[in-house]
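Okay, coords08.tsv is below, TSV, C-alpha atoms:
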```tsv
chain	number	residue	atom	x	y	z
H	172	MET	CA	11.14	66.55	23.89
H	173	PRO	CA	11.47	69.88	25.70
H	174	SER	CA	14.67	71.75	24.91
H	175	PHE	CA	17.23	71.97	27.71
H	176	LYS	CA	19.50	74.65	26.25
H	177	ASP	CA	18.90	78.04	27.92
H	178	ALA	CA	15.51	76.80	29.14
H	179	THR	CA	16.38	77.56	32.75
H	180	ALA	CA	18.38	80.17	34.61
H	181	ILE	CA	20.06	80.78	37.93
H	182	VAL	CA	18.36	83.83	39.41
H	183	GLY	CA	19.57	83.88	43.00
H	184	ILE	CA	22.77	83.05	44.87
H	185	GLY	CA	23.56	83.11	48.57
H	186	GLN	CA	26.34	82.19	50.95
H	187	THR	CA	27.37	82.39	54.57
H	188	PRO	CA	30.72	83.71	55.75
H	189	PHE	CA	33.62	81.28	55.32
H	190	ALA	CA	35.94	80.43	58.20
H	191	LYS	CA	38.02	77.68	59.70
H	192	GLN	CA	35.38	77.35	62.39
H	193	LEU	CA	31.82	78.67	62.57
H	194	ALA	CA	29.55	78.18	65.56
H	195	ASP	CA	26.31	77.47	63.68
H	196	SER	CA	25.21	73.96	62.74
H	197	GLU	CA	25.31	72.76	59.14
H	198	LYS	CA	21.50	72.96	59.01
H	199	THR	CA	21.51	76.57	60.18
H	200	LEU	CA	24.23	77.48	57.68
H	201	ALA	CA	22.30	75.76	54.89
H	202	CYS	CA	19.08	77.60	55.67
H	203	ARG	CA	20.86	80.95	55.85
H	204	ALA	CA	22.49	80.43	52.45
H	205	ILE	CA	19.20	79.26	50.91
H	206	LEU	CA	17.19	82.17	52.31
H	207	ALA	CA	19.86	84.59	51.09
H	208	ALA	CA	19.63	83.09	47.59
H	209	LEU	CA	15.84	83.34	47.59
H	210	ASP	CA	16.02	86.94	48.75
H	211	ASP	CA	18.52	87.65	45.98
H	212	ALA	CA	16.01	86.26	43.47
H	213	GLY	CA	12.98	87.94	45.06
H	214	ILE	CA	11.20	84.60	45.47
H	215	ALA	CA	9.28	83.55	48.60
H	216	PRO	CA	10.35	80.31	50.31
H	217	SER	CA	6.79	79.01	49.98
H	218	GLU	CA	7.27	78.86	46.20
H	219	VAL	CA	10.18	76.40	46.38
H	220	ASP	CA	9.15	72.96	45.08
H	221	ALA	CA	12.47	71.32	44.20
H	222	PHE	CA	15.74	70.55	45.96
H	223	ALA	CA	19.05	69.08	44.83
H	224	SER	CA	22.14	68.41	46.88
H	225	TYR	CA	24.97	65.94	47.44
H	226	THR	CA	24.78	62.45	48.92
H	227	MET	CA	27.49	63.67	51.32
H	228	GLU	CA	25.26	66.55	52.47
H	229	GLU	CA	24.37	66.07	56.14
H	230	THR	CA	21.29	68.30	55.90
H	231	ASP	CA	18.34	66.78	54.03
H	232	GLU	CA	15.53	68.29	52.00
H	233	VAL	CA	12.83	67.29	54.49
H	234	GLU	CA	14.30	69.28	57.37
H	235	VAL	CA	15.45	72.15	55.16
H	236	ALA	CA	12.04	72.45	53.50
H	237	LYS	CA	10.34	72.67	56.90
H	238	ALA	CA	12.85	75.14	58.26
H	239	ILE	CA	12.61	77.62	55.40
H	240	GLY	CA	8.84	77.25	54.93
H	241	ALA	CA	8.77	75.62	51.50
H	242	GLY	CA	5.52	74.50	49.94
H	243	ASP	CA	4.75	71.08	48.46
H	244	VAL	CA	7.95	69.62	46.98
H	245	THR	CA	7.61	67.74	43.69
H	246	PHE	CA	11.26	67.01	42.87
H	247	PHE	CA	14.31	66.17	44.98
H	248	SER	CA	17.60	64.49	44.21
H	249	LYS	CA	21.08	63.88	45.61
H	250	VAL	CA	24.28	63.49	43.62
H	251	GLY	CA	27.20	61.31	44.63
H	252	TYR	CA	30.98	61.64	44.73
H	253	GLY	CA	31.52	64.74	46.83
H	254	GLY	CA	33.13	67.44	44.76
H	255	GLY	CA	32.10	65.68	41.56
H	256	GLY	CA	28.46	66.43	42.29
H	257	SER	CA	28.45	70.23	42.49
H	258	CYS	CA	27.42	71.13	38.94
H	259	ALA	CA	25.12	68.12	38.69
H	260	THR	CA	22.86	69.56	41.41
H	261	VAL	CA	22.10	72.50	39.11
H	262	GLY	CA	21.84	70.18	36.12
H	263	HIS	CA	19.26	68.01	37.87
H	264	LEU	CA	17.15	71.02	38.81
H	265	ALA	CA	17.41	72.45	35.30
H	266	SER	CA	16.22	69.15	33.82
H	267	ALA	CA	13.31	68.92	36.26
H	268	ILE	CA	12.19	72.48	35.60
H	269	ALA	CA	12.62	72.22	31.82
H	270	THR	CA	10.40	69.12	31.79
H	271	GLY	CA	7.71	70.59	34.02
H	272	GLN	CA	8.39	68.57	37.17
H	273	ALA	CA	9.03	71.68	39.26
H	274	SER	CA	9.12	75.46	39.01
H	275	VAL	CA	11.52	76.82	41.67
H	276	GLY	CA	14.58	74.75	42.56
H	277	ILE	CA	17.21	75.11	45.27
H	278	ALA	CA	20.68	73.58	45.08
H	279	TRP	CA	22.92	73.88	48.12
H	280	ARG	CA	25.95	72.62	50.01
H	281	SER	CA	26.59	73.14	53.71
H	282	ARG	CA	29.75	71.82	55.30
H	283	LYS	CA	31.81	72.08	58.43
H	284	ARG	CA	35.03	70.64	57.08
H	285	GLY	CA	37.19	73.16	58.91
H	286	SER	CA	35.93	72.15	62.34
H	287	GLY	CA	34.58	68.69	61.51
H	288	PRO	CA	36.13	65.22	61.17
H	289	ARG	CA	37.98	63.84	58.14
H	290	PRO	CA	35.92	61.09	56.46
H	291	TRP	CA	38.93	58.78	55.97
H	292	LYS	CA	39.67	58.75	59.72
H	293	ASN	CA	36.74	56.43	60.46
H	294	THR	CA	38.30	52.98	60.79
H	295	THR	CA	35.19	51.29	62.20
H	296	VAL	CA	33.45	50.84	58.84
H	297	GLN	CA	34.39	48.43	56.08
H	298	LEU	CA	36.28	50.07	53.24
H	299	PRO	CA	34.35	50.51	49.99
H	300	THR	CA	35.64	48.32	47.19
H	301	PRO	CA	37.81	50.98	45.46
H	302	ALA	CA	39.49	51.93	48.74
H	303	GLN	CA	40.46	48.32	49.37
H	304	TRP	CA	42.89	48.72	46.46
H	305	THR	CA	44.39	52.00	47.69
H	306	ARG	CA	44.29	52.62	51.44
H	307	PRO	CA	46.08	49.44	52.57
H	308	PHE	CA	48.95	50.49	50.30
H	309	GLY	CA	49.35	53.99	51.70
H	310	LEU	CA	46.96	56.09	49.62
H	311	LEU	CA	44.96	57.13	52.66
H	312	ARG	CA	43.68	60.54	51.60
H	313	PRO	CA	42.48	62.10	48.34
H	314	VAL	CA	45.71	64.12	48.20
H	315	ASP	CA	47.74	60.89	48.09
H	316	GLU	CA	45.78	59.66	45.09
H	317	ILE	CA	46.04	62.96	43.23
H	318	ALA	CA	49.76	63.12	44.03
H	319	MET	CA	50.20	59.86	42.16
H	320	LEU	CA	48.40	61.22	39.10
H	321	ALA	CA	50.46	64.42	39.33
H	322	ARG	CA	53.70	62.44	39.38
H	323	ARG	CA	52.54	60.45	36.34
H	324	HIS	CA	51.79	63.71	34.47
H	325	MET	CA	55.20	65.11	35.41
H	326	HIS	CA	56.91	61.93	34.21
H	327	GLU	CA	55.09	61.71	30.89
H	328	TYR	CA	54.77	65.36	29.90
H	329	GLY	CA	57.37	67.35	31.80
H	330	THR	CA	54.92	69.17	34.03
H	331	THR	CA	56.79	70.95	36.83
H	332	ARG	CA	56.13	72.36	40.27
H	333	ASP	CA	56.34	75.81	38.70
H	334	HIS	CA	53.27	74.91	36.64
H	335	LEU	CA	51.43	73.92	39.81
H	336	PHE	CA	52.58	77.12	41.46
H	337	ASN	CA	51.05	79.07	38.56
H	338	VAL	CA	47.71	77.53	39.47
H	339	ALA	CA	48.05	78.24	43.19
H	340	LEU	CA	49.17	81.81	42.52
H	341	ALA	CA	46.30	82.61	40.13
H	342	CYS	CA	43.76	81.45	42.71
H	343	ARG	CA	45.48	83.30	45.53
H	344	ASN	CA	45.73	86.52	43.52
H	345	ARG	CA	41.99	86.45	42.88
H	346	ALA	CA	41.28	85.71	46.56
H	347	ASN	CA	43.38	88.74	47.47
H	348	GLN	CA	40.74	90.79	45.60
H	349	ASN	CA	37.79	89.10	47.30
H	350	PRO	CA	36.94	90.29	50.83
H	351	ALA	CA	34.83	87.17	51.42
H	352	ALA	CA	37.76	84.83	50.73
H	353	MET	CA	39.57	83.14	53.59
H	354	MET	CA	42.90	84.12	51.98
H	355	TYR	CA	41.85	87.71	51.22
H	356	ASP	CA	44.73	89.33	53.11
H	357	ARG	CA	47.36	86.61	52.63
H	358	PRO	CA	49.48	86.97	49.46
H	359	LEU	CA	51.45	84.01	48.12
H	360	THR	CA	55.00	84.10	46.72
H	361	ARG	CA	57.00	81.53	44.81
H	362	ASP	CA	59.44	81.23	47.70
H	363	MET	CA	56.61	80.53	50.13
H	364	TYR	CA	55.28	77.86	47.79
H	365	MET	CA	58.58	76.14	47.07
H	366	THR	CA	59.67	76.01	50.72
H	367	SER	CA	56.34	74.94	52.25
H	368	ARG	CA	55.96	71.52	53.81
H	369	TRP	CA	55.03	68.46	51.81
H	370	ILE	CA	51.53	67.10	52.20
H	371	SER	CA	51.96	64.23	49.74
H	372	GLU	CA	54.98	64.62	47.49
H	373	PRO	CA	55.06	66.22	44.91
H	374	LEU	CA	52.17	68.23	46.40
H	375	CYS	CA	52.95	70.79	49.07
H	376	LEU	CA	50.77	72.77	51.45
H	377	PHE	CA	49.70	75.30	48.82
H	378	ASP	CA	48.68	72.58	46.35
H	379	ASN	CA	45.83	71.67	48.69
H	380	CYS	CA	42.43	73.25	49.18
H	381	LEU	CA	41.37	75.03	52.34
H	382	GLU	CA	39.49	73.51	55.25
H	383	THR	CA	36.29	75.50	55.53
H	384	ASP	CA	33.04	75.86	57.44
H	385	GLY	CA	30.31	77.50	55.36
H	386	ALA	CA	27.35	77.07	53.04
H	387	LEU	CA	26.20	78.23	49.61
H	388	ALA	CA	23.01	77.95	47.57
H	389	CYS	CA	21.48	78.98	44.27
H	390	VAL	CA	17.96	79.26	42.85
H	391	VAL	CA	16.99	77.81	39.46
H	392	VAL	CA	13.80	78.68	37.58
H	393	SER	CA	12.54	78.58	34.00
H	394	ALA	CA	13.87	81.16	31.56
H	395	GLU	CA	10.35	82.59	31.31
H	396	ARG	CA	10.02	82.96	35.08
H	397	ALA	CA	13.52	84.44	35.28
H	398	ARG	CA	12.40	87.57	33.46
H	399	ASP	CA	10.30	88.55	36.49
H	400	CYS	CA	12.95	87.93	39.13
H	401	ARG	CA	14.80	90.58	41.12
H	402	THR	CA	18.14	89.90	39.43
H	403	GLY	CA	18.98	89.26	35.80
H	404	PRO	CA	19.11	85.62	34.66
H	405	VAL	CA	22.24	83.57	34.08
H	406	TYR	CA	21.17	80.83	31.69
H	407	VAL	CA	22.05	77.17	32.13
H	408	HIS	CA	23.19	76.61	28.57
H	409	SER	CA	24.49	73.04	28.90
H	410	ALA	CA	25.07	70.52	31.66
H	411	ALA	CA	26.72	67.12	31.78
H	412	GLN	CA	27.91	64.36	34.06
H	413	GLY	CA	30.81	62.01	33.36
H	414	LEU	CA	31.64	58.50	34.54
H	415	PRO	CA	34.12	56.83	32.17
H	416	ALA	CA	34.21	53.11	31.49
H	417	GLN	CA	36.14	51.04	34.03
H	418	HIS	CA	36.60	54.06	36.28
H	419	HIS	CA	38.24	53.56	39.68
H	420	GLY	CA	38.14	56.47	42.10
H	421	MET	CA	40.83	59.05	41.53
H	422	VAL	CA	43.57	56.62	40.60
H	423	ASN	CA	42.00	55.14	37.45
H	424	TYR	CA	43.70	51.80	38.05
H	425	TRP	CA	41.66	49.92	35.45
H	426	ASN	CA	41.78	52.47	32.63
H	427	ASP	CA	44.23	52.09	29.77
H	428	ASP	CA	45.17	55.71	30.43
H	429	PRO	CA	44.94	56.90	34.06
H	430	LEU	CA	45.26	60.55	32.99
H	431	SER	CA	42.08	60.45	30.90
H	432	GLY	CA	39.72	61.09	33.77
H	433	PRO	CA	35.99	61.79	34.03
H	434	ALA	CA	36.44	65.32	32.63
H	435	TRP	CA	36.95	63.85	29.17
H	436	THR	CA	33.64	61.98	29.35
H	437	ALA	CA	31.69	64.94	30.73
H	438	ALA	CA	33.25	67.33	28.20
H	439	ARG	CA	32.15	65.34	25.16
H	440	HIS	CA	28.52	65.56	26.24
H	441	LEU	CA	28.78	69.15	27.47
H	442	TRP	CA	30.13	70.55	24.21
H	443	LYS	CA	27.83	68.37	22.09
H	444	GLN	CA	24.84	70.20	23.55
H	445	ALA	CA	26.35	73.70	23.33
H	446	ASP	CA	26.28	76.44	20.72
H	447	PHE	CA	29.91	77.37	21.47
H	448	GLY	CA	33.20	75.64	22.21
H	449	PRO	CA	36.21	76.00	24.52
H	450	GLU	CA	37.64	78.81	22.40
H	451	ASP	CA	34.53	80.89	23.17
H	452	VAL	CA	34.69	80.60	26.98
H	453	ASP	CA	35.45	83.97	28.57
H	454	VAL	CA	36.12	82.75	32.11
H	455	ALA	CA	36.28	79.37	33.82
H	456	GLN	CA	35.65	78.18	37.35
H	457	ILE	CA	37.59	74.90	37.47
H	458	TYR	CA	37.42	72.61	40.48
H	459	ASP	CA	40.63	72.98	42.42
H	460	ALA	CA	40.73	70.78	45.48
H	461	PHE	CA	44.33	70.20	44.37
H	462	THR	CA	46.42	72.18	41.86
H	463	PRO	CA	47.00	69.25	39.44
H	464	LEU	CA	43.27	69.10	38.78
H	465	ILE	CA	43.55	72.34	36.81
H	466	PRO	CA	45.96	71.10	34.09
H	467	LEU	CA	44.09	67.80	33.93
H	468	SER	CA	40.80	69.66	33.47
H	469	LEU	CA	42.25	72.10	30.91
H	470	GLU	CA	43.10	69.08	28.80
H	471	GLY	CA	39.87	67.22	29.44
H	472	TYR	CA	37.63	70.15	28.53
H	473	GLY	CA	39.58	70.93	25.37
H	474	PHE	CA	41.43	74.13	26.18
H	475	CYS	CA	44.73	72.54	25.17
H	476	GLY	CA	46.07	69.27	23.83
H	477	ARG	CA	46.84	66.13	25.75
H	478	GLY	CA	49.83	66.67	28.03
H	479	GLU	CA	49.80	70.45	27.49
H	480	GLY	CA	47.95	71.41	30.66
H	481	GLY	CA	51.10	72.35	32.56
H	482	ALA	CA	52.50	74.48	29.77
H	483	PHE	CA	49.11	76.17	29.34
H	484	THR	CA	49.56	77.82	32.76
H	485	GLU	CA	52.68	79.71	31.69
H	486	GLY	CA	52.85	83.44	30.98
H	487	GLY	CA	49.99	84.40	33.28
H	488	ALA	CA	47.45	82.46	31.22
H	489	LEU	CA	45.22	81.80	34.22
H	490	GLU	CA	45.40	85.32	35.63
H	491	SER	CA	43.07	88.25	34.98
H	492	GLY	CA	43.74	89.33	31.40
H	493	GLY	CA	45.25	85.93	30.52
H	494	ARG	CA	44.14	83.37	27.96
H	495	LEU	CA	41.65	81.83	30.39
H	496	PRO	CA	41.06	83.56	33.73
H	497	ILE	CA	40.11	80.94	36.29
H	498	ASN	CA	38.56	80.76	39.76
H	499	THR	CA	38.05	84.47	39.99
H	500	GLY	CA	36.79	84.35	43.58
H	501	GLY	CA	39.83	82.38	44.71
H	502	GLY	CA	38.43	78.87	44.26
H	503	GLY	CA	38.82	76.00	46.69
H	504	LEU	CA	42.49	76.78	47.07
H	505	SER	CA	42.08	80.32	48.36
H	506	GLU	CA	38.43	81.40	48.77
H	507	ALA	CA	36.76	78.44	50.48
H	508	TYR	CA	36.43	74.72	50.04
H	509	VAL	CA	32.77	73.75	50.13
H	510	HIS	CA	32.91	70.92	47.61
H	511	GLY	CA	33.07	73.34	44.70
H	512	PHE	CA	29.76	75.15	45.14
H	513	ASN	CA	31.48	78.52	45.43
H	514	LEU	CA	32.61	78.04	41.82
H	515	ILE	CA	28.97	77.96	40.68
H	516	ASN	CA	28.12	81.16	42.53
H	517	GLU	CA	31.27	82.86	41.24
H	518	GLY	CA	30.32	81.92	37.68
H	519	VAL	CA	26.98	83.64	38.22
H	520	LYS	CA	28.72	86.74	39.60
H	521	GLN	CA	30.98	86.92	36.55
H	522	LEU	CA	28.05	86.84	34.13
H	523	ARG	CA	26.15	89.39	36.23
H	524	GLY	CA	29.23	91.64	36.18
H	525	THR	CA	29.54	91.69	39.98
H	526	SER	CA	32.69	89.64	40.63
H	527	THR	CA	35.47	91.15	42.71
H	528	ALA	CA	37.82	90.15	39.88
H	529	GLN	CA	35.49	90.89	36.99
H	530	VAL	CA	36.47	89.75	33.49
H	531	PRO	CA	35.40	92.59	31.18
H	532	ASN	CA	32.35	91.78	29.04
H	533	ALA	CA	32.23	88.13	30.13
H	534	THR	CA	29.21	86.36	28.58
H	535	THR	CA	30.20	82.67	28.82
H	536	CYS	CA	31.52	80.67	31.75
H	537	LEU	CA	32.52	77.04	32.24
H	538	VAL	CA	32.06	75.63	35.74
H	539	THR	CA	33.46	72.18	36.54
H	540	ALA	CA	33.13	69.76	39.41
H	541	GLY	CA	35.88	67.52	40.75
H	542	GLU	CA	38.12	65.82	38.23
H	543	GLY	CA	39.28	62.36	39.30
H	544	VAL	CA	35.87	61.27	40.57
H	545	PRO	CA	32.63	60.87	38.59
H	546	THR	CA	32.10	64.50	37.71
H	547	SER	CA	29.81	67.13	36.26
H	548	ALA	CA	30.03	70.48	34.50
H	549	LEU	CA	27.95	73.50	33.49
H	550	LEU	CA	28.12	76.04	30.72
H	551	LEU	CA	26.55	79.29	31.87
H	552	ARG	CA	25.58	82.11	29.52
H	553	ALA	CA	24.64	85.73	30.05
H	554	PRO	CA	21.49	87.11	28.34
```

For the structure just supplied, provide its representation as C-alpha cells.
Amino acid sequence: MPSFKDATAIVGIGQTPFAKQLADSEKTLACRAILAALDDAGIAPSEVDAFASYTMEETDEVEVAKAIGAGDVTFFSKVGYGGGGSCATVGHLASAIATGQASVGIAWRSRKRGSGPRPWKNTTVQLPTPAQWTRPFGLLRPVDEIAMLARRHMHEYGTTRDHLFNVALACRNRANQNPAAMMYDRPLTRDMYMTSRWISEPLCLFDNCLETDGALACVVVSAERARDCRTGPVYVHSAAQGLPAQHHGMVNYWNDDPLSGPAWTAARHLWKQADFGPEDVDVAQIYDAFTPLIPLSLEGYGFCGRGEGGAFTEGGALESGGRLPINTGGGGLSEAYVHGFNLINEGVKQLRGTSTAQVPNATTCLVTAGEGVPTSALLLRAP
C-alpha cells in the first residue's frame, strides 16, 4: 500500500478577514479564501481536482468548482460533526492524493456564524436521537453540554476556574499579537474573567468561542509536487479520526467514563502512525470552542496524565515559552471561530516560521478538531 506518512504537504493557505458581520455571502467568502490559498501555493485554479469540506458547510463543491474555474474533479468528500471535522478534511485529501485519486486538493470552511442563525434555534425539525436525551432536560446548546463535563472534571480532579482562565488568557495573549484576530486590541485580565456573566455555569463569557463571519482554505498536494510550489511544504505526517464505542454527542451518556472523549480514540491512531510522540511536539493548535476542551484534549492526546489537564495549565505552560504553546493565532476563543479551520492554517504558519507569535525553531505541530464530538487530528512536520 502507498505510504501516508509525509507523502503529502500543505502548500497554500488563505483566509478572509474575520468580523462579527461581513457583507459577502458564504460562497463569496469561500471562493476568496480558496483563491488566496491557491495564489499562496502558486497553483492555477484549473489544476484543482479534489475538494473536502464539512457536512455543515453551506457552500458545495459543485458551485465552488465552477466559481473558481476548477478542472475535472476526481475526489470530493464531506466530514460530519461540525468542529470535529476540521482536520479530517485535510486527512481525506491527503489520503486521496497519496493513493493517486487526485493531485491538487482544496479543504475549506466558510461560515457566517456572527451574523447568521444558531442551529439549535430551529424548533420546526424533529430532534436527532442524541438531542432527545439532552435538550428536553435543559442542555439546549453545546455550551450547556460542555459545562456539565467541566463540572464533572472539577468534581473528580479539582480543576478550577483559574485553570480555565489560564486557557482563555493564553489564547487572548496570542490574539493580542495577531492583527488579523478579532480580539487583537482587547486584552483580558483575571478580574474581567472572574466577574464576567455566566453563559452556562461554571462557564462564563470568556470560556466561550467567538461568533465570527469568515472563511479559510488550504491546498494539499503530493510531497513531490510540493517541491515546485511557491511556498515551502508543511508535511502531513499523520492524520486520524476518532469515534469511541457507545459515543453520545458531547455528554458521553453511555460511556463508562464520560471524560474519556473522542480525543483518546483519535490519539491512539494518530501516534501509532507517527515517528514522534507528544513529548516531541513543539507547538499545538488545540480546538477551543470552550476552555474545558483544552485540559480534556491535553489528557486525551497524552501531554499529561488522566485528570492532570487543569494542573498542566499552571505556571504559564500554555504561553509562548511555556511547556506547550497553544493556539498561537488566538484560536477560536480570541482569533476567530470558523469551526477550527484557523487552527490548521496557524499550524502551517508556525512551521513556515511566519506566525505572529512564532515559536522559535518549531518543526512539529499538533492540530486537533473538536473534542466532545467525533473528532480528528493532524500532525504537521516541517521539512

Using 8 Å as the limit and counting all atoms listed in the file, can you tabulate each residue of range 204-318 of chain H that touches range 375-399 of chain H, with its shortest atom-to-atom distance in Å and the two atoms involved, as JSON lines?
```
{"residue": "H:Ala204", "atom": "CA", "partner": "H:Leu387", "partner_atom": "CA", "distance": 5.2}
{"residue": "H:Ile205", "atom": "CA", "partner": "H:Ala388", "partner_atom": "CA", "distance": 5.2}
{"residue": "H:Ala208", "atom": "CA", "partner": "H:Cys389", "partner_atom": "CA", "distance": 5.6}
{"residue": "H:Leu209", "atom": "CA", "partner": "H:Val390", "partner_atom": "CA", "distance": 6.6}
{"residue": "H:Ala212", "atom": "CA", "partner": "H:Val390", "partner_atom": "CA", "distance": 7.3}
{"residue": "H:Val261", "atom": "CA", "partner": "H:Val391", "partner_atom": "CA", "distance": 7.4}
{"residue": "H:Leu264", "atom": "CA", "partner": "H:Val391", "partner_atom": "CA", "distance": 6.8}
{"residue": "H:Ala265", "atom": "CA", "partner": "H:Val391", "partner_atom": "CA", "distance": 6.8}
{"residue": "H:Ile268", "atom": "CA", "partner": "H:Ser393", "partner_atom": "CA", "distance": 6.3}
{"residue": "H:Ala269", "atom": "CA", "partner": "H:Ser393", "partner_atom": "CA", "distance": 6.7}
{"residue": "H:Ser274", "atom": "CA", "partner": "H:Val392", "partner_atom": "CA", "distance": 5.9}
{"residue": "H:Val275", "atom": "CA", "partner": "H:Val392", "partner_atom": "CA", "distance": 5.0}
{"residue": "H:Gly276", "atom": "CA", "partner": "H:Val391", "partner_atom": "CA", "distance": 5.0}
{"residue": "H:Ile277", "atom": "CA", "partner": "H:Val390", "partner_atom": "CA", "distance": 4.9}
{"residue": "H:Ala278", "atom": "CA", "partner": "H:Cys389", "partner_atom": "CA", "distance": 5.5}
{"residue": "H:Trp279", "atom": "CA", "partner": "H:Ala388", "partner_atom": "CA", "distance": 4.1}
{"residue": "H:Arg280", "atom": "CA", "partner": "H:Ala386", "partner_atom": "CA", "distance": 5.6}
{"residue": "H:Ser281", "atom": "CA", "partner": "H:Ala386", "partner_atom": "CA", "distance": 4.1}
{"residue": "H:Arg282", "atom": "CA", "partner": "H:Asp384", "partner_atom": "CA", "distance": 5.6}
{"residue": "H:Lys283", "atom": "CA", "partner": "H:Asp384", "partner_atom": "CA", "distance": 4.1}
{"residue": "H:Arg284", "atom": "CA", "partner": "H:Thr383", "partner_atom": "CA", "distance": 5.3}
{"residue": "H:Gly285", "atom": "CA", "partner": "H:Thr383", "partner_atom": "CA", "distance": 4.2}
{"residue": "H:Ser286", "atom": "CA", "partner": "H:Asp384", "partner_atom": "CA", "distance": 6.8}
{"residue": "H:Val314", "atom": "CA", "partner": "H:Asn379", "partner_atom": "CA", "distance": 7.6}
```

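The spacing separating CA of Thr534 in chain H from CA of Asp453 in chain H amounts to 6.7 Å.
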
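Every protein, DNA or RNA residue with an atom at most 8 Å from Leu320 in chain H, where all atoms listed in the file count and chain neighbours fewer than 2 positions away do not, is listed here: Glu316, Ile317, Ala318, Arg322, Arg323, His324, Val422, Pro429 and Leu430 of chain H.
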
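For the atom pair formed by CA of Cys258 in chain H and CA of Ala455 in chain H, the distance is 13.1 Å, given to one decimal.
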
Please determine, counting only C-alpha atoms, which residue among H:Ala352, H:Leu469, H:Ala346, H:Leu193 has the shortest atom-to-atom distance to Glu450 in chain H. H:Leu469

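The two atoms in question, CA of Pro299 in chain H and CA of Ala540 in chain H, are spaced 22.0 Å apart.
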
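When all atoms listed in the file are used to measure the gap to Thr546 in chain H, the shortest distance among H:Thr462, H:Gln297, H:Ser468, H:Asn349 belongs to H:Ser468.
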
At a cut-off of 12 Å, using all atoms listed in the file, what residues contact Ala416 in chain H? Leave out same-chain residues fewer than 5 positions from it and give the result as a ChimeraX atom specification. /H:423-429,431-433,435-436,545

Could the residues in this selection be written to a file with C-alpha atoms, as a PDB file, keeping the file's coordinate frame?
```
ATOM      1  CA  ASN H 423      42.000  55.140  37.450  1.00  0.00           C
ATOM      2  CA  TYR H 424      43.700  51.800  38.050  1.00  0.00           C
ATOM      3  CA  TRP H 425      41.660  49.920  35.450  1.00  0.00           C
ATOM      4  CA  ASN H 426      41.780  52.470  32.630  1.00  0.00           C
ATOM      5  CA  ASP H 427      44.230  52.090  29.770  1.00  0.00           C
ATOM      6  CA  ASP H 428      45.170  55.710  30.430  1.00  0.00           C
ATOM      7  CA  PRO H 429      44.940  56.900  34.060  1.00  0.00           C
ATOM      8  CA  SER H 431      42.080  60.450  30.900  1.00  0.00           C
ATOM      9  CA  GLY H 432      39.720  61.090  33.770  1.00  0.00           C
ATOM     10  CA  PRO H 433      35.990  61.790  34.030  1.00  0.00           C
ATOM     11  CA  TRP H 435      36.950  63.850  29.170  1.00  0.00           C
ATOM     12  CA  THR H 436      33.640  61.980  29.350  1.00  0.00           C
ATOM     13  CA  PRO H 545      32.630  60.870  38.590  1.00  0.00           C
TER      14      PRO H 545
END
```

Can you list, as a ChimeraX atom specification, every protein, DNA or RNA residue that comes within 9 Å of His510 in chain H when you count only C-alpha atoms, leaving out same-chain residues fewer than 4 positions away? /H:253-257,280,282,458,460,503,540-541

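Neighbourhood of point (41.5, 74.9, 28.6): residues with an atom at most 10 Å away, counting all atoms listed in the file, are Pro449, Glu450, Val452, Ala455, Ile457, Ile465, Pro466, Leu467, Ser468, Leu469, Glu470, Gly471, Tyr472, Gly473, Phe474, Cys475, Gly476, Glu479, Gly480, Phe483, Thr484, Ala488, Leu489, Arg494, Leu495, Ile497 and Leu537 of chain H.
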
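Counting only C-alpha atoms, the residue from H:Lys520, H:Leu549, H:Gly240, H:Gly493 that sits nearest to Ala215 in chain H is H:Gly240.
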
Export range 305-313 of chain H from the structure block above, keeping N, CA, C and O atoms, as a PDB file, in the first residue's frame.
```pdb
ATOM      1  N   THR H 305     -31.095  15.173  25.663  1.00  0.00           N
ATOM      2  CA  THR H 305     -30.426  16.322  26.296  1.00  0.00           C
ATOM      3  C   THR H 305     -31.293  17.580  26.277  1.00  0.00           C
ATOM      4  O   THR H 305     -31.534  18.185  27.322  1.00  0.00           O
ATOM      5  N   ARG H 306     -31.787  17.976  25.130  1.00  0.00           N
ATOM      6  CA  ARG H 306     -32.466  19.274  25.029  1.00  0.00           C
ATOM      7  C   ARG H 306     -33.753  19.364  25.852  1.00  0.00           C
ATOM      8  O   ARG H 306     -34.007  20.404  26.457  1.00  0.00           O
ATOM      9  N   PRO H 307     -34.570  18.316  25.922  1.00  0.00           N
ATOM     10  CA  PRO H 307     -35.761  18.444  26.768  1.00  0.00           C
ATOM     11  C   PRO H 307     -35.434  18.623  28.252  1.00  0.00           C
ATOM     12  O   PRO H 307     -36.306  19.035  29.024  1.00  0.00           O
ATOM     13  N   PHE H 308     -34.189  18.345  28.632  1.00  0.00           N
ATOM     14  CA  PHE H 308     -33.798  18.439  30.037  1.00  0.00           C
ATOM     15  C   PHE H 308     -32.905  19.651  30.308  1.00  0.00           C
ATOM     16  O   PHE H 308     -32.262  19.727  31.342  1.00  0.00           O
ATOM     17  N   GLY H 309     -32.877  20.581  29.348  1.00  0.00           N
ATOM     18  CA  GLY H 309     -32.215  21.849  29.596  1.00  0.00           C
ATOM     19  C   GLY H 309     -30.855  22.020  28.968  1.00  0.00           C
ATOM     20  O   GLY H 309     -30.275  23.104  29.047  1.00  0.00           O
ATOM     21  N   LEU H 310     -30.297  20.977  28.356  1.00  0.00           N
ATOM     22  CA  LEU H 310     -28.999  21.127  27.683  1.00  0.00           C
ATOM     23  C   LEU H 310     -29.273  21.547  26.240  1.00  0.00           C
ATOM     24  O   LEU H 310     -29.211  20.753  25.304  1.00  0.00           O
ATOM     25  N   LEU H 311     -29.572  22.820  26.063  1.00  0.00           N
ATOM     26  CA  LEU H 311     -30.048  23.316  24.777  1.00  0.00           C
ATOM     27  C   LEU H 311     -28.924  23.587  23.795  1.00  0.00           C
ATOM     28  O   LEU H 311     -29.086  23.448  22.592  1.00  0.00           O
ATOM     29  N   ARG H 312     -27.780  24.016  24.314  1.00  0.00           N
ATOM     30  CA  ARG H 312     -26.682  24.489  23.465  1.00  0.00           C
ATOM     31  C   ARG H 312     -25.432  23.657  23.737  1.00  0.00           C
ATOM     32  O   ARG H 312     -25.307  23.044  24.804  1.00  0.00           O
ATOM     33  N   PRO H 313     -24.474  23.654  22.822  1.00  0.00           N
ATOM     34  CA  PRO H 313     -23.219  22.958  23.100  1.00  0.00           C
ATOM     35  C   PRO H 313     -22.571  23.398  24.406  1.00  0.00           C
ATOM     36  O   PRO H 313     -22.001  22.568  25.135  1.00  0.00           O
TER      37      PRO H 313
END
```
